[in-house]
Amino acid sequence: MTNAQARPLAGKVALVAGGTRGGGRGIAVELGAAGATVYVTGRSSAAGRSEMDRAETVEETAERVARAGGVGIPVRTDHSRPEEVRALVDRIASEQDGRLDILVNCVWGGDPLTDWEHPLWEQDLDTGLRLLRQAVETHVITSRYALPLMVARRGGLVVEVTDGNTARYRGSFFYDLAKSAVIRLAVAQAAELKPYGVAAVAITPGFLRSEAVLDHFGVTEDTWRDGAAKDPNFAHSESPAYLGRAVAALAADPDIMRKTGRALATWGLYKEYGFTDADGTQPDFAAYWAAALEAEHGPLGEPL
């Protein structure tokens, strides 16, 4: 394997907004492993925790990027504040001679704001609207200030991270609206960016083993299979590295414009690009779930 094959993103500059933990951390690390310089942003840093009150920080993610072989640059940023995002992009432009090749919008932070128990008319409106501002407006703000760098260079990739790539209802009104809107952000950006040679896609993982999910199951990444005792579906989950490797493969694809405007998934991309999860497996949650539904309801969706 040549160095270019091992490090296809050498010389590239990426911004992973929402790279503190979970899918964002996995993406940042794998972009670094492919040779990129990665600006890792989020609200949780060594200077203080966000309202999520978790221990993961942007500095830790940047250190993992460096250990993977890239350059990790942590910048504490609240992406709901336009002035902070503007300052972040100005810094990238100054330090990287105006270069930004990959923008990943992975800001979420909506777990404590999601009401899974009540329909819209029984939910707290302020909380629901806050979720939308946190999970959608942050993406819009970040793209607004970052895209001029990519347009000026007439190339690059925007990645919108979501949950699911179909029109199915996702179980809670504001959650569903946020995740569906993120897909539409990719579609809209793709349309406006196409004349400049910049691609935009949405991507979803399957059952993601984020730090919070591991905590919920009372396991670690080393012992995660024990969680299947609580939920058999967990046996078909995937680590954040899987999502990260999917994004790295997209970023290295010279024909990425063929995919612009599409809603993609790890379970489809591994077949095309051949990447594996951290343990060498190739989880396909969609195939597993389809088989499980067929076993329960029959091939036509009718109860057996």
# chains A, B, ... in the order shown; residues from 1 in each chain; ligands from 1

call {"tool": "select_by_dssp", "arguments": {"residues": "stretch 236-276 of chain A", "states": "alpha helix (DSSP H)", "output": "VMD selection string"}}
result
chain A and resid 240 to 252 266 to 273

call {"tool": "residues_around", "arguments": {"residues": "A:Arg153", "least_positions_apart": "3", "cutoff": "10 Å", "atoms": "only C-alpha atoms", "output": "MDAnalysis selection string"}}
result
chainID A and resid 98:101 148:150 156 196:198

call {"tool": "write_last_selection", "arguments": {"atoms": "C-alpha atoms", "output": "PDB file, in the first residue's frame"}}
result
ATOM      1  CA  GLY A  98      -8.149  29.856   3.371  1.00  0.00           C
ATOM      2  CA  ARG A  99      -8.386  26.088   2.980  1.00  0.00           C
ATOM      3  CA  LEU A 100     -11.303  23.969   4.183  1.00  0.00           C
ATOM      4  CA  ASP A 101     -11.934  20.693   2.361  1.00  0.00           C
ATOM      5  CA  PRO A 148     -17.429  30.471   1.533  1.00  0.00           C
ATOM      6  CA  LEU A 149     -14.025  28.835   2.092  1.00  0.00           C
ATOM      7  CA  MET A 150     -15.092  25.788   0.109  1.00  0.00           C
ATOM      8  CA  GLY A 156     -14.885  19.893  -0.972  1.00  0.00           C
ATOM      9  CA  TYR A 196     -18.860  25.184  -7.440  1.00  0.00           C
ATOM     10  CA  GLY A 197     -17.843  21.537  -7.379  1.00  0.00           C
ATOM     11  CA  VAL A 198     -18.684  21.088  -3.683  1.00  0.00           C
TER      12      VAL A 198
END

call {"tool": "closest_residue", "arguments": {"among": "A:Ala146, A:Leu208, A:Ala178, A:Cys106", "to": "A:His236", "atoms": "only C-alpha atoms"}}
result
A:Leu208

call {"tool": "atom_distance", "arguments": {"atom1": "atom CA of A:Asp163", "atom2": "atom CA of A:Arg133"}}
result
16.9 Å

call {"tool": "residues_around", "arguments": {"residues": "A:Thr61", "least_positions_apart": "4", "cutoff": "8 Å", "atoms": "only C-alpha atoms", "output": "ChimeraX atom specification"}}
result
/A:19-21,25,28-29,40,56-57,65,72,74

call {"tool": "closest_residue", "arguments": {"among": "A:Gly32, A:Gly70, A:Gly24, A:Pro82", "to": "A:Gly109", "atoms": "only C-alpha atoms"}}
result
A:Gly24

call {"tool": "residues_around", "arguments": {"residues": "stretch 263-275 of chain A", "least_positions_apart": "2", "cutoff": "8 Å", "atoms": "only C-alpha atoms", "output": "number ranges by chain"}}
result
A: 164-165, 183, 186, 201-206, 242-243, 245-246, 249, 261, 277, 282-286

call {"tool": "residues_around", "arguments": {"residues": "A:Phe234", "least_positions_apart": "2", "cutoff": "10 Å", "atoms": "only C-alpha atoms", "output": "PDB file with C-alpha atoms, in the first residue's frame"}}
result
ATOM      1  CA  PHE A 207     -27.255   1.334  16.028  1.00  0.00           C
ATOM      2  CA  LEU A 208     -24.392   3.534  17.214  1.00  0.00           C
ATOM      3  CA  ARG A 209     -22.394   2.608  20.312  1.00  0.00           C
ATOM      4  CA  VAL A 213     -25.163   4.274  24.842  1.00  0.00           C
ATOM      5  CA  PHE A 217     -25.987  -0.643  28.797  1.00  0.00           C
ATOM      6  CA  TRP A 224     -20.001  -4.134  24.618  1.00  0.00           C
ATOM      7  CA  ARG A 225     -21.260  -7.540  23.498  1.00  0.00           C
ATOM      8  CA  ASP A 226     -22.493  -8.137  27.042  1.00  0.00           C
ATOM      9  CA  GLY A 227     -25.143  -5.511  26.337  1.00  0.00           C
ATOM     10  CA  ALA A 228     -26.942  -7.900  24.015  1.00  0.00           C
ATOM     11  CA  ALA A 229     -28.286  -9.630  27.101  1.00  0.00           C
ATOM     12  CA  LYS A 230     -30.423  -6.541  27.703  1.00  0.00           C
ATOM     13  CA  ASP A 231     -31.287  -5.909  24.050  1.00  0.00           C
ATOM     14  CA  PRO A 232     -30.585  -8.470  21.293  1.00  0.00           C
ATOM     15  CA  HIS A 236     -25.737  -5.698  15.648  1.00  0.00           C
ATOM     16  CA  SER A 237     -24.566  -2.248  16.737  1.00  0.00           C
ATOM     17  CA  GLU A 238     -21.556  -0.387  15.378  1.00  0.00           C
ATOM     18  CA  PHE A 285     -28.176  -2.943  10.781  1.00  0.00           C
TER      19      PHE A 285
END

call {"tool": "atom_distance", "arguments": {"atom1": "atom CA of A:Glu211", "atom2": "atom CA of A:Asn105"}}
result
18.9 Å

call {"tool": "atom_distance", "arguments": {"atom1": "atom CA of A:Val182", "atom2": "atom CA of A:Thr260"}}
result
14.4 Å

call {"tool": "select_by_dssp", "arguments": {"residues": "stretch 132-262 of chain A", "states": "strand (DSSP E or B)", "output": "PyMOL selection string"}}
result
chain A and resi 156-161+198-204+208+238

call {"tool": "closest_residue", "arguments": {"among": "A:Ala36, A:Val136, A:Ala188, A:Ala287", "to": "A:Arg262", "atoms": "only C-alpha atoms"}}
result
A:Ala188

call {"tool": "closest_residue", "arguments": {"among": "A:Gly155, A:Gly69, A:Gly22, A:Gly171", "to": "A:Leu103", "atoms": "only C-alpha atoms"}}
result
A:Gly155

call {"tool": "closest_residue", "arguments": {"among": "A:Gln96, A:Pro112, A:Ile73, A:Arg81", "to": "A:Lys12", "atoms": "only C-alpha atoms"}}
result
A:Gln96

call {"tool": "closest_residue", "arguments": {"among": "A:Ala167, A:Ala66, A:Val85, A:Ala252", "to": "A:Gln5", "atoms": "only C-alpha atoms"}}
result
A:Ala252

call {"tool": "residues_around", "arguments": {"residues": "A:Leu120", "least_positions_apart": "5", "cutoff": "9 Å", "atoms": "only C-alpha atoms", "output": "number ranges by chain"}}
result
A: 125, 128, 172-174

call {"tool": "residues_around", "arguments": {"residues": "A:Arg168", "least_positions_apart": "6", "cutoff": "12 Å", "atoms": "only C-alpha atoms", "output": "list in words"}}
result
Asp176, Leu177, Lys179 and Ser180 of chain A

call {"tool": "decode", "arguments": {"residues": "stretch 187-201 of chain A", "atoms": "all heavy atoms", "output": "compact mmCIF listing (two decimals), in the first residue's frame"}}
result
# COMPACT_ATOMS: atom_id res chain seq x y z
N VAL A 187 -29.66 18.22 1.04
CA VAL A 187 -30.24 18.35 -0.29
C VAL A 187 -30.14 19.79 -0.78
O VAL A 187 -29.74 20.06 -1.92
CB VAL A 187 -31.71 17.88 -0.27
CG1 VAL A 187 -32.39 18.19 -1.61
CG2 VAL A 187 -31.80 16.39 0.04
N ALA A 188 -30.50 20.74 0.09
CA ALA A 188 -30.49 22.14 -0.30
C ALA A 188 -29.07 22.65 -0.56
O ALA A 188 -28.82 23.38 -1.53
CB ALA A 188 -31.16 22.99 0.78
N GLN A 189 -28.14 22.28 0.32
CA GLN A 189 -26.76 22.70 0.12
C GLN A 189 -26.19 22.09 -1.16
O GLN A 189 -25.44 22.74 -1.90
CB GLN A 189 -25.91 22.31 1.33
CG GLN A 189 -26.21 23.16 2.55
CD GLN A 189 -25.43 22.70 3.77
OE1 GLN A 189 -24.32 23.16 4.01
NE2 GLN A 189 -26.01 21.79 4.54
N ALA A 190 -26.53 20.83 -1.43
CA ALA A 190 -26.04 20.19 -2.65
C ALA A 190 -26.48 20.95 -3.88
O ALA A 190 -25.69 21.16 -4.82
CB ALA A 190 -26.54 18.74 -2.71
N ALA A 191 -27.72 21.41 -3.90
CA ALA A 191 -28.24 22.13 -5.05
C ALA A 191 -27.49 23.45 -5.26
O ALA A 191 -27.16 23.82 -6.39
CB ALA A 191 -29.73 22.39 -4.87
N GLU A 192 -27.22 24.16 -4.18
CA GLU A 192 -26.58 25.46 -4.29
C GLU A 192 -25.07 25.35 -4.51
O GLU A 192 -24.46 26.24 -5.11
CB GLU A 192 -26.89 26.30 -3.06
CG GLU A 192 -28.37 26.61 -2.92
CD GLU A 192 -28.67 27.66 -1.86
OE1 GLU A 192 -27.75 28.02 -1.09
OE2 GLU A 192 -29.83 28.12 -1.81
N LEU A 193 -24.47 24.26 -4.04
CA LEU A 193 -23.03 24.11 -4.13
C LEU A 193 -22.57 23.41 -5.41
O LEU A 193 -21.39 23.51 -5.78
CB LEU A 193 -22.51 23.31 -2.93
CG LEU A 193 -22.57 24.01 -1.58
CD1 LEU A 193 -22.31 23.01 -0.45
CD2 LEU A 193 -21.57 25.17 -1.51
N LYS A 194 -23.45 22.73 -6.08
CA LYS A 194 -23.05 21.94 -7.25
C LYS A 194 -22.29 22.75 -8.29
O LYS A 194 -21.28 22.27 -8.83
CB LYS A 194 -24.28 21.29 -7.87
CG LYS A 194 -23.93 20.26 -8.95
CD LYS A 194 -25.16 19.51 -9.42
CE LYS A 194 -24.79 18.44 -10.44
NZ LYS A 194 -25.98 17.67 -10.89
N PRO A 195 -22.70 23.99 -8.61
CA PRO A 195 -21.95 24.74 -9.62
C PRO A 195 -20.51 25.04 -9.22
O PRO A 195 -19.68 25.38 -10.08
CB PRO A 195 -22.75 26.05 -9.75
CG PRO A 195 -24.12 25.71 -9.27
CD PRO A 195 -23.90 24.72 -8.17
N TYR A 196 -20.20 24.89 -7.93
CA TYR A 196 -18.86 25.18 -7.44
C TYR A 196 -18.05 23.93 -7.17
O TYR A 196 -16.94 24.00 -6.61
CB TYR A 196 -18.96 26.04 -6.17
CG TYR A 196 -19.74 27.31 -6.40
CD1 TYR A 196 -21.09 27.38 -6.09
CD2 TYR A 196 -19.12 28.43 -6.95
CE1 TYR A 196 -21.82 28.53 -6.33
CE2 TYR A 196 -19.84 29.60 -7.19
CZ TYR A 196 -21.19 29.64 -6.88
OH TYR A 196 -21.91 30.79 -7.12
N GLY A 197 -18.58 22.78 -7.55
CA GLY A 197 -17.84 21.54 -7.38
C GLY A 197 -17.75 21.05 -5.95
O GLY A 197 -16.89 20.23 -5.62
N VAL A 198 -18.65 21.52 -5.09
CA VAL A 198 -18.68 21.09 -3.68
C VAL A 198 -19.86 20.14 -3.49
O VAL A 198 -21.00 20.46 -3.87
CB VAL A 198 -18.83 22.29 -2.73
CG1 VAL A 198 -18.84 21.81 -1.27
CG2 VAL A 198 -17.70 23.29 -2.96
N ALA A 199 -19.60 18.98 -2.92
CA ALA A 199 -20.65 17.98 -2.69
C ALA A 199 -21.22 18.13 -1.28
O ALA A 199 -20.53 18.59 -0.36
CB ALA A 199 -20.09 16.58 -2.87
N ALA A 200 -22.47 17.73 -1.12
CA ALA A 200 -23.11 17.72 0.20
C ALA A 200 -23.96 16.47 0.31
O ALA A 200 -24.76 16.17 -0.59
CB ALA A 200 -23.96 18.96 0.41
N VAL A 201 -23.78 15.73 1.39
CA VAL A 201 -24.54 14.50 1.62
C VAL A 201 -24.99 14.45 3.06
O VAL A 201 -24.42 15.10 3.94
CB VAL A 201 -23.71 13.24 1.30
CG1 VAL A 201 -23.25 13.24 -0.15
CG2 VAL A 201 -22.52 13.12 2.25
